[in-house]
Amino acid sequence: MFNSNYTFWEIFKSLSTLQLLFCLILTVVSIYSLLSATVILVRLRSLANRSKVEDVSSIQRSLDALHARSANLHQLIGATFYLFGFILFLTLPFAFITLDSSKVPGWTSIFQNLGFYFAFSANVFFVFLVLHSVQWFVSARVRAAALRFNAQNIT
């Protein structure tokens, strides 16, 4: 099922410049997303400890800021996903270009090129799955904290 030609380094060596640029963008977005998610969770934890000391409006503003940051993170991941789709479909026709001089079409070369594109896409989709899962977890924690805070202030 898995071909040794589709290892990460083999895929990386056969990517176009535009795809390599996207890999750089995805790496930056991934690092930013994971750091931002960590900051949100740390601030949420410290906010839970301060909730007994501070006034209601200050805590509500902090929760709103964390919710906004989580929403921005969601938008960033979504925009990067759409950029990936654009780049994938922009570069996919190049998989059908072969430099074979024989009269027989280079079907094996075309299938090999498509295999690299599919393997690259599978790796990128896995990264998006991880980023989405992290953002989903953080967003759920922020919502749960807001619900807890609102329930405490009603009683």
# chains A, B, ... in the order shown; residues from 1 in each chain; ligands from 1
>>> residues_around(residues="A:Ala122", least_positions_apart="3", cutoff="12 Å", atoms="only C-alpha atoms", output="MDAnalysis selection string")
chainID A and resid 6:8 11 84 88 115:119 125:129
>>> write_last_selection(atoms="N, CA, C and O atoms", output="PDB file, in the first residue's frame")
ATOM      1  N   TYR A   6       7.509   7.590  -1.738  1.00  0.00           N
ATOM      2  CA  TYR A   6       6.692   8.688  -1.241  1.00  0.00           C
ATOM      3  C   TYR A   6       7.028   9.059   0.194  1.00  0.00           C
ATOM      4  O   TYR A   6       6.166   9.479   0.949  1.00  0.00           O
ATOM      5  N   THR A   7       8.280   8.927   0.556  1.00  0.00           N
ATOM      6  CA  THR A   7       8.698   9.405   1.866  1.00  0.00           C
ATOM      7  C   THR A   7       8.693  10.927   1.862  1.00  0.00           C
ATOM      8  O   THR A   7       8.680  11.560   0.804  1.00  0.00           O
ATOM      9  N   PHE A   8       8.695  11.499   3.040  1.00  0.00           N
ATOM     10  CA  PHE A   8       8.593  12.954   3.154  1.00  0.00           C
ATOM     11  C   PHE A   8       9.709  13.647   2.380  1.00  0.00           C
ATOM     12  O   PHE A   8       9.462  14.624   1.676  1.00  0.00           O
ATOM     13  N   ILE A  11       9.188  13.414  -1.406  1.00  0.00           N
ATOM     14  CA  ILE A  11       8.126  14.340  -1.821  1.00  0.00           C
ATOM     15  C   ILE A  11       8.665  15.760  -1.817  1.00  0.00           C
ATOM     16  O   ILE A  11       8.447  16.527  -2.755  1.00  0.00           O
ATOM     17  N   PHE A  84      -4.073  26.548   0.230  1.00  0.00           N
ATOM     18  CA  PHE A  84      -3.586  25.240  -0.200  1.00  0.00           C
ATOM     19  C   PHE A  84      -4.401  24.711  -1.375  1.00  0.00           C
ATOM     20  O   PHE A  84      -3.843  24.195  -2.346  1.00  0.00           O
ATOM     21  N   LEU A  88      -2.809  23.885  -4.918  1.00  0.00           N
ATOM     22  CA  LEU A  88      -2.896  22.502  -5.398  1.00  0.00           C
ATOM     23  C   LEU A  88      -3.493  22.461  -6.802  1.00  0.00           C
ATOM     24  O   LEU A  88      -2.932  21.830  -7.707  1.00  0.00           O
ATOM     25  N   GLY A 115       1.179  10.611  -7.956  1.00  0.00           N
ATOM     26  CA  GLY A 115       1.440  10.004  -6.645  1.00  0.00           C
ATOM     27  C   GLY A 115       2.137  10.973  -5.704  1.00  0.00           C
ATOM     28  O   GLY A 115       1.795  11.047  -4.515  1.00  0.00           O
ATOM     29  N   PHE A 116       3.090  11.738  -6.225  1.00  0.00           N
ATOM     30  CA  PHE A 116       3.756  12.746  -5.390  1.00  0.00           C
ATOM     31  C   PHE A 116       2.776  13.838  -4.960  1.00  0.00           C
ATOM     32  O   PHE A 116       2.794  14.280  -3.813  1.00  0.00           O
ATOM     33  N   TYR A 117       1.915  14.267  -5.868  1.00  0.00           N
ATOM     34  CA  TYR A 117       0.932  15.294  -5.513  1.00  0.00           C
ATOM     35  C   TYR A 117      -0.032  14.779  -4.442  1.00  0.00           C
ATOM     36  O   TYR A 117      -0.380  15.505  -3.511  1.00  0.00           O
ATOM     37  N   PHE A 118      -0.473  13.536  -4.600  1.00  0.00           N
ATOM     38  CA  PHE A 118      -1.401  12.969  -3.618  1.00  0.00           C
ATOM     39  C   PHE A 118      -0.726  12.767  -2.270  1.00  0.00           C
ATOM     40  O   PHE A 118      -1.332  13.014  -1.219  1.00  0.00           O
ATOM     41  N   ALA A 119       0.518  12.324  -2.276  1.00  0.00           N
ATOM     42  CA  ALA A 119       1.235  12.145  -1.014  1.00  0.00           C
ATOM     43  C   ALA A 119       1.476  13.492  -0.331  1.00  0.00           C
ATOM     44  O   ALA A 119       1.324  13.618   0.895  1.00  0.00           O
ATOM     45  N   PHE A 125      -2.999  17.730   4.458  1.00  0.00           N
ATOM     46  CA  PHE A 125      -4.298  17.542   5.098  1.00  0.00           C
ATOM     47  C   PHE A 125      -4.147  17.021   6.529  1.00  0.00           C
ATOM     48  O   PHE A 125      -4.941  17.373   7.403  1.00  0.00           O
ATOM     49  N   PHE A 126      -3.149  16.193   6.777  1.00  0.00           N
ATOM     50  CA  PHE A 126      -2.910  15.734   8.146  1.00  0.00           C
ATOM     51  C   PHE A 126      -2.530  16.910   9.051  1.00  0.00           C
ATOM     52  O   PHE A 126      -3.011  17.013  10.176  1.00  0.00           O
ATOM     53  N   VAL A 127      -1.678  17.806   8.559  1.00  0.00           N
ATOM     54  CA  VAL A 127      -1.308  18.993   9.335  1.00  0.00           C
ATOM     55  C   VAL A 127      -2.547  19.841   9.610  1.00  0.00           C
ATOM     56  O   VAL A 127      -2.751  20.322  10.740  1.00  0.00           O
ATOM     57  N   PHE A 128      -3.399  20.014   8.605  1.00  0.00           N
ATOM     58  CA  PHE A 128      -4.634  20.772   8.816  1.00  0.00           C
ATOM     59  C   PHE A 128      -5.561  20.087   9.818  1.00  0.00           C
ATOM     60  O   PHE A 128      -6.224  20.763  10.604  1.00  0.00           O
ATOM     61  N   LEU A 129      -5.604  18.770   9.804  1.00  0.00           N
ATOM     62  CA  LEU A 129      -6.418  18.041  10.771  1.00  0.00           C
ATOM     63  C   LEU A 129      -5.928  18.299  12.196  1.00  0.00           C
ATOM     64  O   LEU A 129      -6.720  18.546  13.108  1.00  0.00           O
TER      65      LEU A 129
END
>>> closest_atom_pairs(of="stretch 41-105 of chain A", to="stretch 19-23 of chain A", cutoff="12 Å", atoms="only C-alpha atoms", output="JSON lines")
{"residue": "A:Thr80", "atom": "CA", "partner": "A:Phe22", "partner_atom": "CA", "distance": 8.9}
{"residue": "A:Phe81", "atom": "CA", "partner": "A:Phe22", "partner_atom": "CA", "distance": 10.5}
{"residue": "A:Tyr82", "atom": "CA", "partner": "A:Phe22", "partner_atom": "CA", "distance": 11.4}
{"residue": "A:Leu83", "atom": "CA", "partner": "A:Phe22", "partner_atom": "CA", "distance": 8.2}
{"residue": "A:Phe84", "atom": "CA", "partner": "A:Phe22", "partner_atom": "CA", "distance": 7.2}
{"residue": "A:Gly85", "atom": "CA", "partner": "A:Phe22", "partner_atom": "CA", "distance": 10.7}
{"residue": "A:Phe86", "atom": "CA", "partner": "A:Phe22", "partner_atom": "CA", "distance": 10.5}
{"residue": "A:Ile87", "atom": "CA", "partner": "A:Gln19", "partner_atom": "CA", "distance": 7.1}
{"residue": "A:Leu88", "atom": "CA", "partner": "A:Gln19", "partner_atom": "CA", "distance": 7.9}
{"residue": "A:Phe89", "atom": "CA", "partner": "A:Gln19", "partner_atom": "CA", "distance": 11.1}
{"residue": "A:Leu90", "atom": "CA", "partner": "A:Gln19", "partner_atom": "CA", "distance": 10.0}
{"residue": "A:Thr91", "atom": "CA", "partner": "A:Gln19", "partner_atom": "CA", "distance": 8.1}
{"residue": "A:Leu92", "atom": "CA", "partner": "A:Gln19", "partner_atom": "CA", "distance": 10.6}
{"residue": "A:Phe94", "atom": "CA", "partner": "A:Gln19", "partner_atom": "CA", "distance": 12.0}
>>> closest_residue(among="A:Ser62, A:Thr17, A:Asn113, A:Ser133", to="A:Ile40", atoms="only C-alpha atoms")
A:Ser62
>>> atom_distance(atom1="atom CA of A:Val142", atom2="atom CA of A:Ser33")
15.5 Å
>>> atom_distance(atom1="atom CA of A:Arg45", atom2="atom CA of A:Asp64")
14.7 Å
>>> closest_residue(among="A:Arg143, A:Asp55, A:Ser16, A:Leu131", to="A:Gln75", atoms="only C-alpha atoms")
A:Leu131
>>> decode(residues="stretch 81-127 of chain A", atoms="N, CA and C atoms", output="short mmCIF file (atom, residue, chain, number, x, y, z; two decimals), in the first residue's frame")
data_model
loop_
_atom_site.label_atom_id
_atom_site.label_comp_id
_atom_site.auth_asym_id
_atom_site.auth_seq_id
_atom_site.Cartn_x
_atom_site.Cartn_y
_atom_site.Cartn_z
N PHE A 81 -6.00 26.97 4.53
CA PHE A 81 -6.59 25.82 3.85
C PHE A 81 -7.03 26.19 2.43
N TYR A 82 -7.68 27.33 2.28
CA TYR A 82 -8.10 27.78 0.94
C TYR A 82 -6.89 28.09 0.06
N LEU A 83 -5.84 28.65 0.64
CA LEU A 83 -4.62 28.89 -0.12
C LEU A 83 -4.04 27.57 -0.62
N PHE A 84 -4.07 26.55 0.23
CA PHE A 84 -3.59 25.24 -0.20
C PHE A 84 -4.40 24.71 -1.37
N GLY A 85 -5.72 24.83 -1.31
CA GLY A 85 -6.55 24.37 -2.41
C GLY A 85 -6.24 25.11 -3.70
N PHE A 86 -6.03 26.42 -3.60
CA PHE A 86 -5.70 27.22 -4.78
C PHE A 86 -4.37 26.77 -5.37
N ILE A 87 -3.37 26.60 -4.52
CA ILE A 87 -2.04 26.20 -5.01
C ILE A 87 -2.07 24.77 -5.56
N LEU A 88 -2.81 23.88 -4.92
CA LEU A 88 -2.90 22.50 -5.40
C LEU A 88 -3.49 22.46 -6.80
N PHE A 89 -4.60 23.14 -6.99
CA PHE A 89 -5.24 23.09 -8.31
C PHE A 89 -4.52 23.94 -9.34
N LEU A 90 -3.75 24.90 -8.90
CA LEU A 90 -2.94 25.68 -9.83
C LEU A 90 -1.77 24.85 -10.36
N THR A 91 -1.19 24.02 -9.50
CA THR A 91 0.00 23.25 -9.89
C THR A 91 -0.32 21.83 -10.37
N LEU A 92 -1.52 21.34 -10.14
CA LEU A 92 -1.87 19.96 -10.53
C LEU A 92 -1.70 19.68 -12.02
N PRO A 93 -2.01 20.60 -12.92
CA PRO A 93 -1.79 20.29 -14.34
C PRO A 93 -0.34 20.00 -14.70
N PHE A 94 0.61 20.48 -13.91
CA PHE A 94 2.02 20.19 -14.20
C PHE A 94 2.37 18.73 -13.97
N ALA A 95 1.50 17.98 -13.28
CA ALA A 95 1.75 16.54 -13.09
C ALA A 95 1.63 15.79 -14.40
N PHE A 96 0.92 16.36 -15.38
CA PHE A 96 0.70 15.69 -16.65
C PHE A 96 1.76 16.04 -17.68
N ILE A 97 2.69 16.87 -17.32
CA ILE A 97 3.78 17.22 -18.23
C ILE A 97 4.94 16.26 -17.99
N THR A 98 5.32 15.56 -19.04
CA THR A 98 6.44 14.63 -18.94
C THR A 98 7.50 15.04 -19.96
N LEU A 99 8.72 14.74 -19.65
CA LEU A 99 9.83 15.08 -20.55
C LEU A 99 10.33 13.83 -21.26
N ASP A 100 9.39 13.00 -21.66
CA ASP A 100 9.72 11.76 -22.35
C ASP A 100 9.69 12.01 -23.86
N SER A 101 10.76 11.64 -24.57
CA SER A 101 10.84 11.90 -26.01
C SER A 101 10.31 10.74 -26.85
N SER A 102 9.87 9.66 -26.23
CA SER A 102 9.38 8.53 -27.02
C SER A 102 7.95 8.80 -27.49
N LYS A 103 7.49 7.97 -28.43
CA LYS A 103 6.14 8.14 -28.98
C LYS A 103 5.06 7.67 -28.00
N VAL A 104 5.42 6.76 -27.11
CA VAL A 104 4.45 6.23 -26.15
C VAL A 104 4.30 7.25 -25.01
N PRO A 105 3.06 7.56 -24.64
CA PRO A 105 2.88 8.52 -23.54
C PRO A 105 3.51 7.99 -22.26
N GLY A 106 4.05 8.88 -21.51
CA GLY A 106 4.72 8.50 -20.28
C GLY A 106 3.75 8.32 -19.14
N TRP A 107 2.85 7.31 -19.26
CA TRP A 107 1.83 7.10 -18.23
C TRP A 107 2.46 6.81 -16.88
N THR A 108 3.54 6.07 -16.88
CA THR A 108 4.15 5.78 -15.58
C THR A 108 4.69 7.06 -14.94
N SER A 109 5.22 7.93 -15.77
CA SER A 109 5.71 9.20 -15.24
C SER A 109 4.56 10.07 -14.74
N ILE A 110 3.45 10.07 -15.47
CA ILE A 110 2.28 10.84 -15.04
C ILE A 110 1.75 10.29 -13.72
N PHE A 111 1.64 8.97 -13.62
CA PHE A 111 1.14 8.37 -12.38
C PHE A 111 2.10 8.62 -11.22
N GLN A 112 3.38 8.60 -11.51
CA GLN A 112 4.35 8.89 -10.45
C GLN A 112 4.21 10.34 -9.99
N ASN A 113 4.05 11.26 -10.94
CA ASN A 113 3.84 12.67 -10.57
C ASN A 113 2.57 12.85 -9.76
N LEU A 114 1.49 12.20 -10.19
CA LEU A 114 0.25 12.29 -9.43
C LEU A 114 0.41 11.68 -8.04
N GLY A 115 1.18 10.61 -7.96
CA GLY A 115 1.44 10.00 -6.65
C GLY A 115 2.14 10.97 -5.70
N PHE A 116 3.09 11.74 -6.22
CA PHE A 116 3.76 12.75 -5.39
C PHE A 116 2.78 13.84 -4.96
N TYR A 117 1.92 14.27 -5.87
CA TYR A 117 0.93 15.29 -5.51
C TYR A 117 -0.03 14.78 -4.44
N PHE A 118 -0.47 13.54 -4.60
CA PHE A 118 -1.40 12.97 -3.62
C PHE A 118 -0.73 12.77 -2.27
N ALA A 119 0.52 12.32 -2.28
CA ALA A 119 1.24 12.15 -1.01
C ALA A 119 1.48 13.49 -0.33
N PHE A 120 1.83 14.50 -1.12
CA PHE A 120 2.01 15.85 -0.58
C PHE A 120 0.70 16.35 0.02
N SER A 121 -0.40 16.15 -0.70
CA SER A 121 -1.70 16.60 -0.21
C SER A 121 -2.11 15.86 1.05
N ALA A 122 -1.84 14.58 1.13
CA ALA A 122 -2.18 13.81 2.33
C ALA A 122 -1.42 14.35 3.54
N ASN A 123 -0.16 14.67 3.36
CA ASN A 123 0.62 15.23 4.47
C ASN A 123 0.08 16.60 4.90
N VAL A 124 -0.26 17.42 3.93
CA VAL A 124 -0.79 18.76 4.25
C VAL A 124 -2.15 18.63 4.93
N PHE A 125 -3.00 17.73 4.46
CA PHE A 125 -4.30 17.54 5.10
C PHE A 125 -4.15 17.02 6.53
N PHE A 126 -3.15 16.19 6.78
CA PHE A 126 -2.91 15.73 8.15
C PHE A 126 -2.53 16.91 9.05
N VAL A 127 -1.68 17.81 8.56
CA VAL A 127 -1.31 18.99 9.34
C VAL A 127 -2.55 19.84 9.61
#
